[in-house]
file start-v2.cif (mmCIF, C-alpha atoms)
data_data
loop_
_atom_site.label_atom_id
_atom_site.label_comp_id
_atom_site.auth_asym_id
_atom_site.auth_seq_id
_atom_site.Cartn_x
_atom_site.Cartn_y
_atom_site.Cartn_z
CA MET X 1 -87.95 71.71 -45.79
CA SER X 2 -87.51 71.14 -42.09
CA THR X 3 -86.95 67.36 -42.05
CA GLY X 4 -85.03 64.88 -44.17
CA VAL X 5 -82.56 62.00 -44.43
CA ILE X 6 -78.75 62.19 -44.78
CA TYR X 7 -77.84 61.33 -48.40
CA THR X 8 -74.11 61.81 -47.79
CA GLU X 9 -71.80 63.61 -45.38
CA THR X 10 -68.22 64.59 -44.56
CA VAL X 11 -66.33 66.23 -41.73
CA VAL X 12 -64.27 69.13 -43.10
CA HIS X 13 -60.85 69.51 -41.45
CA ALA X 14 -59.16 71.76 -44.05
CA ALA X 15 -61.52 74.70 -44.40
CA PRO X 16 -61.57 77.60 -46.83
CA ALA X 17 -60.20 80.92 -45.50
CA GLU X 18 -63.67 82.16 -44.51
CA PHE X 19 -64.48 79.12 -42.33
CA VAL X 20 -61.10 78.23 -40.81
CA ALA X 21 -62.37 79.08 -37.32
CA ASP X 22 -65.29 76.61 -37.68
CA ALA X 23 -63.14 73.55 -38.55
CA PRO X 24 -63.65 70.67 -38.06
CA TYR X 25 -67.32 70.87 -39.05
CA GLN X 26 -69.75 68.37 -40.53
CA LEU X 27 -71.30 69.07 -43.89
CA ALA X 28 -74.08 66.97 -45.42
CA ILE X 29 -76.42 66.69 -48.37
CA VAL X 30 -79.90 66.19 -46.95
CA SER X 31 -82.66 64.52 -48.98
CA LEU X 32 -85.60 66.62 -47.87
CA ASP X 33 -88.90 64.94 -47.03
CA SER X 34 -90.56 67.72 -49.06
CA GLY X 35 -88.46 66.78 -52.12
CA GLY X 36 -85.08 67.81 -53.49
CA ARG X 37 -81.72 67.92 -51.77
CA LEU X 38 -79.89 70.60 -49.80
CA THR X 39 -76.26 71.04 -48.77
CA ALA X 40 -76.23 72.05 -45.10
CA ARG X 41 -74.22 72.03 -41.90
CA ILE X 42 -74.82 69.55 -39.10
CA ALA X 43 -75.27 70.84 -35.54
CA GLY X 44 -74.49 68.71 -32.49
CA GLU X 45 -74.08 64.94 -32.76
CA ARG X 46 -72.34 63.61 -35.90
CA VAL X 47 -74.63 61.94 -38.45
CA LYS X 48 -74.18 59.16 -41.02
CA ILE X 49 -75.89 58.21 -44.28
CA GLY X 50 -79.53 57.26 -43.67
CA ASP X 51 -79.93 59.19 -40.41
CA LYS X 52 -83.12 61.21 -40.03
CA VAL X 53 -82.50 64.90 -39.37
CA GLU X 54 -84.49 68.07 -38.69
CA LEU X 55 -83.73 71.75 -39.19
CA ALA X 56 -82.22 73.18 -36.01
CA GLU X 57 -81.60 76.76 -37.13
CA THR X 58 -80.65 79.00 -40.04
CA ARG X 59 -77.62 81.17 -39.38
CA ASP X 60 -75.96 83.58 -41.86
CA GLY X 61 -78.12 82.06 -44.58
CA VAL X 62 -76.90 78.51 -43.87
CA GLU X 63 -79.21 75.72 -42.68
CA TYR X 64 -78.03 73.65 -39.68
CA PHE X 65 -79.67 70.25 -39.31
CA ARG X 66 -79.51 67.98 -36.25
CA LYS X 67 -80.16 64.29 -35.67
CA LYS X 68 -83.84 63.56 -35.04
CA MET Q 69 -65.53 67.75 -90.57
CA ARG Q 70 -61.80 67.55 -91.25
CA PRO Q 71 -59.65 65.09 -89.27
CA VAL Q 72 -57.29 66.95 -86.89
CA ALA Q 73 -53.82 65.98 -85.64
CA ILE Q 74 -51.40 67.08 -82.93
CA VAL Q 75 -48.00 67.94 -84.41
CA GLY Q 76 -46.28 69.55 -81.41
CA ILE Q 77 -46.36 69.12 -77.63
CA GLY Q 78 -44.65 71.02 -74.82
CA LYS Q 79 -44.87 70.99 -71.02
CA THR Q 80 -43.14 72.70 -68.15
CA ALA Q 81 -42.36 70.73 -65.04
CA PHE Q 82 -45.28 70.85 -62.59
CA GLY Q 83 -44.41 71.95 -59.05
CA ALA Q 84 -44.09 74.86 -56.65
CA PHE Q 85 -41.98 77.50 -58.37
CA PRO Q 86 -41.86 80.69 -56.28
CA ASP Q 87 -39.58 82.41 -58.80
CA ARG Q 88 -41.74 81.71 -61.87
CA THR Q 89 -44.63 83.86 -63.12
CA LEU Q 90 -47.79 82.60 -64.78
CA ARG Q 91 -46.60 84.25 -68.00
CA SER Q 92 -43.14 82.66 -67.97
CA LEU Q 93 -44.63 79.18 -67.44
CA ALA Q 94 -47.11 79.59 -70.33
CA VAL Q 95 -44.39 81.00 -72.58
CA GLU Q 96 -42.04 78.09 -71.81
CA ALA Q 97 -44.70 75.51 -72.72
CA GLY Q 98 -45.76 77.47 -75.82
CA GLU Q 99 -42.21 77.85 -77.11
CA LYS Q 100 -41.41 74.18 -76.44
CA CYS Q 101 -44.41 72.98 -78.42
CA MET Q 102 -43.87 75.39 -81.33
CA THR Q 103 -40.25 74.18 -81.49
CA ASP Q 104 -41.46 70.57 -81.37
CA ALA Q 105 -43.84 71.29 -84.28
CA GLY Q 106 -41.28 73.39 -86.14
CA VAL Q 107 -43.69 76.32 -86.47
CA SER Q 108 -43.00 80.01 -85.89
CA PRO Q 109 -45.42 82.37 -84.10
CA SER Q 110 -46.20 84.07 -87.43
CA GLN Q 111 -47.74 80.82 -88.70
CA ILE Q 112 -50.19 80.47 -85.78
CA GLU Q 113 -53.74 81.42 -86.82
CA ALA Q 114 -55.45 81.32 -83.41
CA PHE Q 115 -54.55 80.89 -79.73
CA TYR Q 116 -56.78 79.06 -77.25
CA LEU Q 117 -55.86 79.31 -73.56
CA GLY Q 118 -57.18 77.22 -70.68
CA ASN Q 119 -56.93 79.01 -67.33
CA PHE Q 120 -59.21 78.65 -64.31
CA ALA Q 121 -58.42 81.55 -61.99
CA GLY Q 122 -55.47 83.66 -63.09
CA PRO Q 123 -57.30 86.84 -62.05
CA ALA Q 124 -57.79 85.48 -58.49
CA PHE Q 125 -54.44 83.69 -58.15
CA VAL Q 126 -52.15 86.36 -59.63
CA GLY Q 127 -54.36 89.40 -60.31
CA GLN Q 128 -54.04 89.35 -64.10
CA ASN Q 129 -56.99 89.46 -66.51
CA HIS Q 130 -57.03 89.42 -70.32
CA LEU Q 131 -54.67 86.49 -70.18
CA ALA Q 132 -54.84 85.07 -73.72
CA PRO Q 133 -53.46 88.10 -75.60
CA TYR Q 134 -51.17 88.79 -72.61
CA ILE Q 135 -49.45 85.42 -73.07
CA ALA Q 136 -49.73 85.41 -76.86
CA GLY Q 137 -47.92 88.76 -77.02
CA SER Q 138 -45.07 87.31 -75.00
CA LEU Q 139 -44.86 84.48 -77.53
CA GLY Q 140 -44.57 87.00 -80.38
CA LEU Q 141 -48.08 86.24 -81.50
CA THR Q 142 -50.37 89.17 -82.40
CA GLY Q 143 -53.12 89.90 -84.89
CA VAL Q 144 -55.02 86.64 -84.36
CA PRO Q 145 -57.94 85.60 -82.13
CA CYS Q 146 -56.64 84.91 -78.61
CA THR Q 147 -59.22 83.63 -76.14
CA ARG Q 148 -59.21 82.32 -72.59
CA PHE Q 149 -61.47 79.39 -71.66
CA GLU Q 150 -62.64 78.88 -68.08
CA ALA Q 151 -64.34 75.63 -67.13
CA ALA Q 152 -62.88 75.03 -63.65
CA CYS Q 153 -60.48 72.04 -63.73
CA ALA Q 154 -61.58 71.32 -67.31
CA SER Q 155 -60.44 74.74 -68.57
CA GLY Q 156 -57.56 73.16 -70.52
CA GLY Q 157 -59.74 70.42 -71.98
CA SER Q 158 -62.36 72.96 -72.97
CA ALA Q 159 -59.80 75.19 -74.72
CA PHE Q 160 -58.53 72.10 -76.57
CA PHE Q 161 -62.04 71.00 -77.56
CA HIS Q 162 -62.88 74.42 -79.02
CA ALA Q 163 -59.51 74.66 -80.80
CA VAL Q 164 -60.06 71.23 -82.39
CA SER Q 165 -63.59 72.30 -83.38
CA SER Q 166 -62.23 75.35 -85.23
CA VAL Q 167 -59.68 73.30 -87.18
CA ALA Q 168 -62.18 70.53 -87.90
CA ALA Q 169 -64.63 73.14 -89.21
CA GLY Q 170 -62.02 74.58 -91.55
CA LEU Q 171 -61.87 77.97 -89.83
CA ASN Q 172 -58.19 77.66 -88.91
CA ASP Q 173 -55.29 75.45 -89.99
CA ILE Q 174 -52.45 75.98 -87.49
CA VAL Q 175 -53.63 76.54 -83.92
CA LEU Q 176 -51.82 76.83 -80.61
CA VAL Q 177 -53.56 75.59 -77.44
CA ALA Q 178 -52.09 76.18 -74.00
CA GLY Q 179 -53.17 75.68 -70.40
CA VAL Q 180 -51.62 77.37 -67.40
CA GLU Q 181 -52.13 77.94 -63.68
CA LYS Q 182 -49.97 79.64 -61.07
CA MET Q 183 -51.37 78.59 -57.68
CA THR Q 184 -48.61 78.42 -55.10
CA SER Q 185 -48.25 82.15 -54.51
CA GLN Q 186 -51.40 81.97 -52.32
CA THR Q 187 -51.86 80.31 -48.91
CA THR Q 188 -53.62 76.93 -48.81
CA PRO Q 189 -56.83 78.33 -47.21
CA LYS Q 190 -56.94 81.03 -49.93
CA VAL Q 191 -56.35 78.43 -52.68
CA THR Q 192 -59.11 76.31 -51.10
CA GLU Q 193 -61.44 79.33 -51.23
CA ILE Q 194 -60.62 80.15 -54.88
CA LEU Q 195 -61.10 76.49 -55.89
CA ALA Q 196 -64.45 76.41 -54.06
CA GLY Q 197 -65.60 79.02 -56.58
CA ALA Q 198 -65.84 76.20 -59.14
CA GLY Q 199 -68.86 74.98 -57.16
CA ASP Q 200 -72.19 76.65 -56.39
CA MET Q 201 -71.08 79.48 -54.12
CA ALA Q 202 -74.64 80.52 -53.19
CA GLY Q 203 -75.45 76.99 -52.02
CA GLU Q 204 -72.78 74.40 -51.14
CA GLY Q 205 -70.07 77.09 -50.98
CA ARG Q 206 -71.97 79.19 -48.46
CA ALA Q 207 -72.47 76.09 -46.28
CA GLY Q 208 -68.67 75.60 -46.17
CA ALA Q 209 -68.08 73.03 -48.91
CA THR Q 210 -64.51 72.82 -50.20
CA PHE Q 211 -63.60 70.73 -53.23
CA PRO Q 212 -62.15 68.00 -51.03
CA ALA Q 213 -65.46 68.10 -49.09
CA LEU Q 214 -67.54 67.63 -52.26
CA PHE Q 215 -65.43 64.66 -53.36
CA ALA Q 216 -65.44 63.30 -49.80
CA MET Q 217 -69.24 63.28 -49.93
CA ILE Q 218 -69.06 61.55 -53.33
CA ALA Q 219 -66.66 58.98 -51.81
CA ARG Q 220 -68.92 58.36 -48.80
CA ARG Q 221 -71.88 57.71 -51.06
CA HIS Q 222 -69.86 55.45 -53.39
CA MET Q 223 -68.68 53.49 -50.35
CA HIS Q 224 -72.27 53.24 -49.12
CA GLN Q 225 -73.75 52.10 -52.44
CA TYR Q 226 -70.94 49.84 -53.71
CA GLY Q 227 -68.85 48.85 -50.71
CA THR Q 228 -65.82 50.81 -51.93
CA THR Q 229 -63.14 50.86 -49.22
CA ARG Q 230 -60.46 53.20 -47.86
CA GLU Q 231 -57.86 50.70 -49.14
CA GLN Q 232 -59.27 50.94 -52.66
CA LEU Q 233 -59.05 54.74 -52.55
CA ALA Q 234 -55.49 54.54 -51.21
CA ALA Q 235 -54.56 52.07 -53.99
CA VAL Q 236 -55.09 54.89 -56.52
CA ALA Q 237 -52.63 57.10 -54.65
CA VAL Q 238 -50.04 54.32 -54.25
CA LYS Q 239 -50.19 53.45 -57.97
CA ASN Q 240 -50.06 57.04 -59.18
CA HIS Q 241 -47.17 57.95 -56.89
CA ALA Q 242 -45.26 54.89 -58.14
CA ASN Q 243 -45.73 56.15 -61.72
CA GLY Q 244 -45.06 59.80 -60.87
CA ALA Q 245 -41.75 58.87 -59.28
CA LYS Q 246 -40.56 57.95 -62.78
CA ASN Q 247 -41.89 61.11 -64.46
CA PRO Q 248 -39.17 63.80 -64.68
CA LEU Q 249 -41.82 66.56 -64.92
CA ALA Q 250 -43.92 65.41 -61.92
CA HIS Q 251 -44.45 67.60 -58.85
CA MET Q 252 -44.07 64.76 -56.34
CA ARG Q 253 -41.59 62.10 -57.39
CA LYS Q 254 -42.02 60.00 -54.28
CA VAL Q 255 -43.20 56.42 -53.86
CA ILE Q 256 -45.69 55.95 -51.00
CA THR Q 257 -46.94 52.82 -49.25
CA MET Q 258 -50.50 51.77 -48.55
CA GLN Q 259 -49.86 52.36 -44.82
CA GLN Q 260 -48.67 55.93 -45.47
CA ALA Q 261 -51.64 56.67 -47.71
CA LEU Q 262 -54.09 55.43 -45.08
CA ALA Q 263 -52.40 57.35 -42.26
CA GLY Q 264 -52.25 60.70 -44.03
CA LYS Q 265 -53.46 63.92 -42.45
CA MET Q 266 -57.27 64.15 -42.65
CA ILE Q 267 -58.52 66.79 -45.11
CA SER Q 268 -62.22 65.99 -45.39
CA GLU Q 269 -63.39 62.62 -44.06
CA PRO Q 270 -62.76 60.00 -45.47
CA LEU Q 271 -60.17 61.72 -47.71
CA THR Q 272 -56.64 62.24 -46.37
CA VAL Q 273 -53.96 64.43 -47.90
CA PHE Q 274 -52.89 61.40 -49.98
CA ASP Q 275 -56.34 61.22 -51.59
CA CYS Q 276 -56.00 64.79 -52.88
CA SER Q 277 -54.09 66.07 -55.90
CA LEU Q 278 -51.47 68.76 -55.43
CA ILE Q 279 -51.56 72.55 -55.53
CA SER Q 280 -49.11 73.22 -58.38
CA ASP Q 281 -47.75 75.71 -60.86
CA GLY Q 282 -47.32 74.64 -64.47
CA ALA Q 283 -48.23 74.91 -68.11
CA ALA Q 284 -48.73 72.68 -71.15
CA ALA Q 285 -49.28 73.38 -74.84
CA VAL Q 286 -49.98 71.66 -78.16
CA VAL Q 287 -50.06 72.65 -81.83
CA ILE Q 288 -52.88 71.18 -83.89
CA VAL Q 289 -53.37 71.17 -87.67
CA PRO Q 290 -55.63 69.42 -90.21
CA PHE Q 291 -54.43 65.81 -90.53
CA GLU Q 292 -53.90 66.29 -94.28
CA ARG Q 293 -51.19 68.88 -93.49
CA ALA Q 294 -49.59 67.02 -90.56
CA SER Q 295 -46.70 65.63 -92.65
CA GLU Q 296 -45.46 69.22 -93.21
CA PHE Q 297 -44.59 69.34 -89.51
CA THR Q 298 -43.85 65.83 -88.23
CA ASP Q 299 -43.55 62.19 -89.19
CA GLN Q 300 -45.31 61.27 -85.94
CA PRO Q 301 -48.68 63.02 -85.96
CA VAL Q 302 -51.12 62.05 -83.20
CA ARG Q 303 -54.66 61.85 -84.53
CA ILE Q 304 -57.67 63.16 -82.64
CA LEU Q 305 -60.02 60.29 -83.41
CA GLY Q 306 -62.89 61.38 -81.18
CA ILE Q 307 -63.59 64.29 -78.85
CA ALA Q 308 -66.58 65.58 -76.89
CA GLN Q 309 -67.32 68.16 -74.23
CA THR Q 310 -70.48 67.82 -72.14
CA SER Q 311 -72.05 69.47 -69.10
CA ASP Q 312 -74.14 68.80 -66.01
CA TYR Q 313 -75.39 70.80 -63.01
CA VAL Q 314 -72.71 72.67 -61.04
CA ALA Q 315 -74.20 71.99 -57.61
CA LEU Q 316 -73.58 68.47 -56.29
CA ASP Q 317 -76.96 68.43 -54.52
CA ALA Q 318 -78.74 69.00 -57.87
CA LYS Q 319 -77.47 65.68 -59.32
CA ALA Q 320 -79.68 62.60 -59.12
CA ASP Q 321 -76.77 60.21 -58.43
CA ILE Q 322 -73.45 61.60 -57.22
CA THR Q 323 -71.63 58.25 -57.54
CA THR Q 324 -71.41 58.77 -61.29
CA PHE Q 325 -70.24 61.70 -63.41
CA TRP Q 326 -73.01 61.59 -65.96
CA ALA Q 327 -71.27 64.23 -68.13
CA VAL Q 328 -68.19 61.98 -68.38
CA HIS Q 329 -70.32 59.01 -69.40
CA GLU Q 330 -72.01 61.11 -72.10
CA ALA Q 331 -68.73 62.58 -73.37
CA ALA Q 332 -67.18 59.10 -73.55
CA GLU Q 333 -70.12 57.71 -75.53
CA LYS Q 334 -69.86 60.57 -78.03
CA ALA Q 335 -66.07 60.35 -78.34
CA TYR Q 336 -66.14 56.55 -78.80
CA LYS Q 337 -68.81 56.89 -81.48
CA MET Q 338 -66.83 59.56 -83.34
CA ALA Q 339 -63.68 57.40 -83.15
CA HIS Q 340 -65.55 54.22 -84.14
CA VAL Q 341 -64.17 52.43 -81.06
CA SER Q 342 -65.60 51.06 -77.82
CA ALA Q 343 -64.29 51.25 -74.26
CA ARG Q 344 -62.65 47.84 -74.53
CA ASP Q 345 -60.43 49.05 -77.41
CA ILE Q 346 -58.79 51.79 -75.31
CA GLU Q 347 -55.29 50.59 -74.41
CA PHE Q 348 -54.39 53.24 -71.81
CA ALA Q 349 -55.86 56.40 -70.34
CA GLU Q 350 -54.99 59.58 -68.50
CA VAL Q 351 -57.99 60.27 -66.25
CA HIS Q 352 -58.84 63.18 -63.97
CA ASP Q 353 -57.78 61.97 -60.50
CA CYS Q 354 -58.21 65.30 -58.71
CA PHE Q 355 -59.12 62.98 -55.81
CA THR Q 356 -58.62 59.22 -55.61
CA ILE Q 357 -62.38 58.57 -55.74
CA ALA Q 358 -62.54 60.51 -59.03
CA GLU Q 359 -60.22 57.99 -60.73
CA ILE Q 360 -62.31 55.08 -59.46
CA ILE Q 361 -65.50 56.69 -60.79
CA ALA Q 362 -63.82 57.68 -64.08
CA THR Q 363 -62.89 54.07 -64.84
CA GLU Q 364 -66.56 53.16 -64.35
CA ASP Q 365 -68.00 56.09 -66.32
CA LEU Q 366 -65.58 55.49 -69.21
CA GLY Q 367 -66.88 51.92 -69.41
CA PHE Q 368 -63.63 50.13 -68.45
CA VAL Q 369 -65.49 48.32 -65.65
CA LYS Q 370 -69.09 48.00 -64.50
CA LYS Q 371 -70.57 50.58 -62.12
CA GLY Q 372 -69.32 49.98 -58.60
CA GLU Q 373 -66.31 47.86 -59.63
CA GLY Q 374 -63.80 50.70 -59.97
CA GLY Q 375 -62.41 50.17 -56.48
CA TRP Q 376 -61.59 46.53 -57.15
CA TYR Q 377 -60.19 47.39 -60.59
CA VAL Q 378 -57.41 49.50 -59.03
CA LEU Q 379 -56.88 47.42 -55.87
CA GLU Q 380 -56.31 44.26 -57.94
CA GLY Q 381 -53.53 46.06 -59.82
CA ARG Q 382 -55.27 45.89 -63.20
CA THR Q 383 -54.48 49.57 -63.96
CA CYS Q 384 -50.76 49.55 -63.02
CA LEU Q 385 -48.01 50.48 -65.47
CA ARG Q 386 -47.47 46.93 -66.77
CA ALA Q 387 -51.05 45.68 -66.34
CA GLU Q 388 -53.93 45.16 -68.80
CA ARG Q 389 -54.98 48.82 -69.06
CA PRO Q 390 -52.59 51.33 -67.48
CA ILE Q 391 -54.42 54.32 -65.97
CA ASN Q 392 -52.46 57.52 -65.29
CA ALA Q 393 -49.07 56.16 -66.35
CA SER Q 394 -47.83 59.76 -65.99
CA GLY Q 395 -48.58 59.76 -62.25
CA GLY Q 396 -51.92 61.48 -62.72
CA LEU Q 397 -52.94 64.71 -61.07
CA LYS Q 398 -52.18 62.99 -57.78
CA ALA Q 399 -48.41 62.79 -58.25
CA LYS Q 400 -47.75 64.84 -61.36
CA GLY Q 401 -49.52 67.85 -59.85
CA HIS Q 402 -52.68 69.74 -60.77
CA PRO Q 403 -52.08 73.28 -62.02
CA VAL Q 404 -55.79 73.51 -62.73
CA GLY Q 405 -55.90 75.27 -66.12
CA ALA Q 406 -52.88 73.30 -67.42
CA THR Q 407 -54.20 69.86 -66.52
CA GLY Q 408 -56.45 69.15 -69.51
CA VAL Q 409 -53.79 70.15 -72.04
CA GLY Q 410 -51.13 68.31 -70.03
CA GLN Q 411 -53.15 65.09 -70.23
CA ILE Q 412 -53.28 65.45 -74.04
CA CYS Q 413 -49.47 65.90 -74.07
CA ASP Q 414 -49.01 62.80 -71.88
CA VAL Q 415 -51.19 60.61 -74.11
CA ALA Q 416 -49.47 61.99 -77.24
CA LEU Q 417 -46.05 61.29 -75.71
CA GLN Q 418 -47.04 57.62 -75.20
CA ILE Q 419 -48.42 57.32 -78.75
CA ARG Q 420 -45.16 58.76 -80.11
CA GLY Q 421 -43.25 56.20 -78.02
CA GLU Q 422 -41.28 58.90 -76.19
CA ALA Q 423 -42.38 58.29 -72.59
CA GLY Q 424 -39.02 56.93 -71.44
CA GLU Q 425 -39.20 54.78 -68.30
CA LEU Q 426 -42.98 55.13 -68.36
CA GLN Q 427 -43.35 53.96 -71.97
CA LEU Q 428 -46.19 51.47 -72.29
CA ASP Q 429 -46.04 48.32 -74.43
CA ARG Q 430 -49.42 48.95 -76.05
CA HIS Q 431 -49.65 52.61 -76.98
CA SER Q 432 -51.54 53.00 -80.24
CA LEU Q 433 -54.95 54.03 -78.83
CA GLY Q 434 -55.22 56.24 -75.74
CA LEU Q 435 -57.79 58.39 -73.99
CA ALA Q 436 -57.72 61.60 -71.96
CA GLN Q 437 -60.54 62.53 -69.56
CA ASN Q 438 -60.72 66.01 -68.02
CA LEU Q 439 -63.33 66.93 -65.38
CA GLY Q 440 -64.47 70.38 -64.27
CA GLY Q 441 -65.79 71.04 -60.77
CA SER Q 442 -67.70 68.15 -59.25
CA GLY Q 443 -68.67 67.02 -62.75
CA ALA Q 444 -70.32 70.03 -64.42
CA THR Q 445 -67.89 69.98 -67.37
CA ALA Q 446 -66.35 66.90 -68.94
CA VAL Q 447 -64.05 66.53 -71.92
CA VAL Q 448 -63.10 63.12 -73.32
CA THR Q 449 -60.59 62.73 -76.16
CA VAL Q 450 -59.62 59.55 -78.00
CA LEU Q 451 -56.15 59.75 -79.56
CA GLY Q 452 -54.35 57.41 -81.92
CA GLY Q 453 -51.20 57.03 -83.99
CA ILE Q 454 -51.04 56.66 -87.77
#
call {"tool": "encode", "arguments": {"input": "start-v2.cif", "output": "structure tokens"}}
result
Amino acid sequence: MSTGVIYTETVVHAAPAEFVADAPYQLAIVSLDSGGRLTARIAGERVKIGDKVELAETRDGVEYFRKK
Amino acid sequence: MRPVAIVGIGKTAFGAFPDRTLRSLAVEAGEKCMTDAGVSPSQIEAFYLGNFAGPAFVGQNHLAPYIAGSLGLTGVPCTRFEAACASGGSAFFHAVSSVAAGLNDIVLVAGVEKMTSQTTPKVTEILAGAGDMAGEGRAGATFPALFAMIARRHMHQYGTTREQLAAVAVKNHANGAKNPLAHMRKVITMQQALAGKMISEPLTVFDCSLISDGAAAVVIVPFERASEFTDQPVRILGIAQTSDYVALDAKADITTFWAVHEAAEKAYKMAHVSARDIEFAEVHDCFTIAEIIATEDLGFVKKGEGGWYVLEGRTCLRAERPINASGGLKAKGHPVGATGVGQICDVALQIRGEAGELQLDRHSLGLAQNLGGSGATAVVTVLGGI
């Protein structure tokens, strides 16, 4: 589950209490090359639908993908 | 199954009411609808309550008997239903089921939410609990974020535009401005809607429904007994509740709410009608994109054409099929647990011909569609006059 394609994305400006310090942050649903989909954060450059991404790191149990 | 009818409706205003408690709102709606039906608490055989997050919003559990007691109602089954934003619709569905099955005759259904005593980030966090907290929630998904991702995908697959999303907000605000019980009675322009503060791209504050306090209630009885209470019963011709996965990333196609499509098919079949027969509808516009998708899933237009349907003005107050004549969740407000019952009240008000400035010309067959979460619960009800 380390590579995939962006199925959809958004940039969150109004965050829940727990993530207020992170905002704005990009969130995406990644269609994994290994099958299935995963909701994850995007690290670095902003992505759009159809972009290829790879897993950059897993932090606090959350996957961060970056543009390939 | 016995035919069921609504013989009493009652709503509070929706809005931000710092001086009102959850209990006082629910009691006001309950008393109004029992007065409307001409029934006393001692006649009520069961109480069904829709409430999403009273324990988190106001710290009160055991809400159904808590509210029932304040209405002078004891000794009967009192149960709270939680199905996220479809909590009210779910309570209504189960209440109708019990009357249709012959278990109860006179039943009170209420929905209530008291949201504005919490800060917006806290409300956002509580609402996020209607999603998959171990997955999308942990990654930082808010409800606006989930519907923003749905909007992005709908735009990608069907060419839906920002203007089409904004057209939902402009229309619903125009209607809400004429609704005396609406939270935001303010007309907005397309330019304002497009320039709103960004919440979750591409959704601005004008694409999102409001954080509101409010309550709504109805009394239902077997249709054969309706004339004991009113000369204007509203018949429940078809009703269905369906479900789907909670997590957005578990759905095959996020541009459709499959549960809504399934509920609509079942409700139409039960009512012996088709989508084209429905004259007007109250749909669940928690976000502008949700109204666009609802009009597609309910079969009013083909998949992908919902954006054009609203932009061309075909769902305005005086158009071919008015959608959200009440102002919708967008302008009327969205006290989560109250919404599903409130929609039933709004459709019933139209059928009874009592909607005042918002009264529609064709009002004999209406529909209410209530959505929970990002589509995991759906309730569709077809209502008609006699």
call {"tool": "resolve_selection", "arguments": {"input": "start-v2.cif", "expression": "the PyMOL selection byres ((chain X) within 8 of (chain Q))", "output": "JSON, numbers by chain"}}
result
{"X": [7, 8, 9, 10, 11, 12, 13, 14, 15, 16, 17, 18, 19, 20, 27, 28, 29, 36, 37, 38, 39, 40, 41, 49, 61, 62, 63]}
call {"tool": "atom_distance", "arguments": {"input": "start-v2.cif", "atom1": "atom CA of Gly156 of chain Q", "atom2": "atom CA of Gly405 of chain Q"}}
result
5.2 Å
call {"tool": "resolve_selection", "arguments": {"input": "start-v2.cif", "expression": "the PyMOL selection byres ((chain Q and resi 161) around 10)", "output": "compact mmCIF listing (two decimals) with C-alpha atoms, keeping the file's coordinate frame"}}
result
# COMPACT_ATOMS: atom_id res chain seq x y z
CA TYR Q 116 -56.78 79.06 -77.25
CA SER Q 155 -60.44 74.74 -68.57
CA GLY Q 156 -57.56 73.16 -70.52
CA GLY Q 157 -59.74 70.42 -71.98
CA SER Q 158 -62.36 72.96 -72.97
CA ALA Q 159 -59.80 75.19 -74.72
CA PHE Q 160 -58.53 72.10 -76.57
CA HIS Q 162 -62.88 74.42 -79.02
CA ALA Q 163 -59.51 74.66 -80.80
CA VAL Q 164 -60.06 71.23 -82.39
CA SER Q 165 -63.59 72.30 -83.38
CA SER Q 166 -62.23 75.35 -85.23
CA VAL Q 177 -53.56 75.59 -77.44
CA ILE Q 307 -63.59 64.29 -78.85
CA ALA Q 308 -66.58 65.58 -76.89
CA GLN Q 309 -67.32 68.16 -74.23
CA GLY Q 408 -56.45 69.15 -69.51
CA VAL Q 409 -53.79 70.15 -72.04
CA VAL Q 447 -64.05 66.53 -71.92
CA VAL Q 448 -63.10 63.12 -73.32
CA THR Q 449 -60.59 62.73 -76.16
call {"tool": "residues_around", "arguments": {"input": "start-v2.cif", "residues": "segment 55-57 of chain X", "least_positions_apart": "6", "cutoff": "7 Å", "atoms": "all atoms listed in the file", "output": "PyMOL selection string"}}
result
chain X and resi 2-3+63-66
call {"tool": "resolve_selection", "arguments": {"input": "start-v2.cif", "expression": "the PyMOL selection byres ((chain Q and resi 398) around 7)", "output": "list of chain:residue names"}}
result
Q:Ala237, Q:Asn240, Q:Cys276, Q:Ser277, Q:Leu278, Q:Asp353, Q:Cys354, Q:Gly395, Q:Gly396, Q:Leu397, Q:Ala399, Q:Lys400, Q:Gly401
call {"tool": "atom_distance", "arguments": {"input": "start-v2.cif", "atom1": "atom CA of Glu359 of chain Q", "atom2": "atom CA of Thr324 of chain Q"}}
result
11.2 Å
call {"tool": "atom_distance", "arguments": {"input": "start-v2.cif", "atom1": "atom CA of Ile419 of chain Q", "atom2": "atom CA of Arg303 of chain Q"}}
result
9.6 Å
call {"tool": "residues_around", "arguments": {"input": "start-v2.cif", "residues": "segment 98-104 of chain Q", "least_positions_apart": "3", "cutoff": "6 Å", "atoms": "only C-alpha atoms", "output": "number ranges by chain"}}
result
Q: 76-78, 95, 107, 285-286
call {"tool": "residues_near_point", "arguments": {"input": "start-v2.cif", "point": "(-86.9, 62.9, -41.6)", "cutoff": "7 Å", "atoms": "only C-alpha atoms", "output": "list in words"}}
result
Thr3, Gly4, Val5, Asp33, Lys52, Val53 and Glu54 of chain X
call {"tool": "residues_near_point", "arguments": {"input": "start-v2.cif", "point": "(-41.0, 74.2, -71.0)", "cutoff": "6 Å", "atoms": "only C-alpha atoms", "output": "PyMOL selection string"}}
result
chain Q and resi 79-80+96-97+100
call {"tool": "axis_aligned_box", "arguments": {"input": "start-v2.cif", "around": "segment 370-379 of chain Q", "padding_each_side": "6 Å", "output": "AutoDock Vina command-line options"}}
result
--center_x -63.7 --center_y 48.6 --center_z -60.2 --size_x 25.7 --size_y 16.2 --size_z 20.6
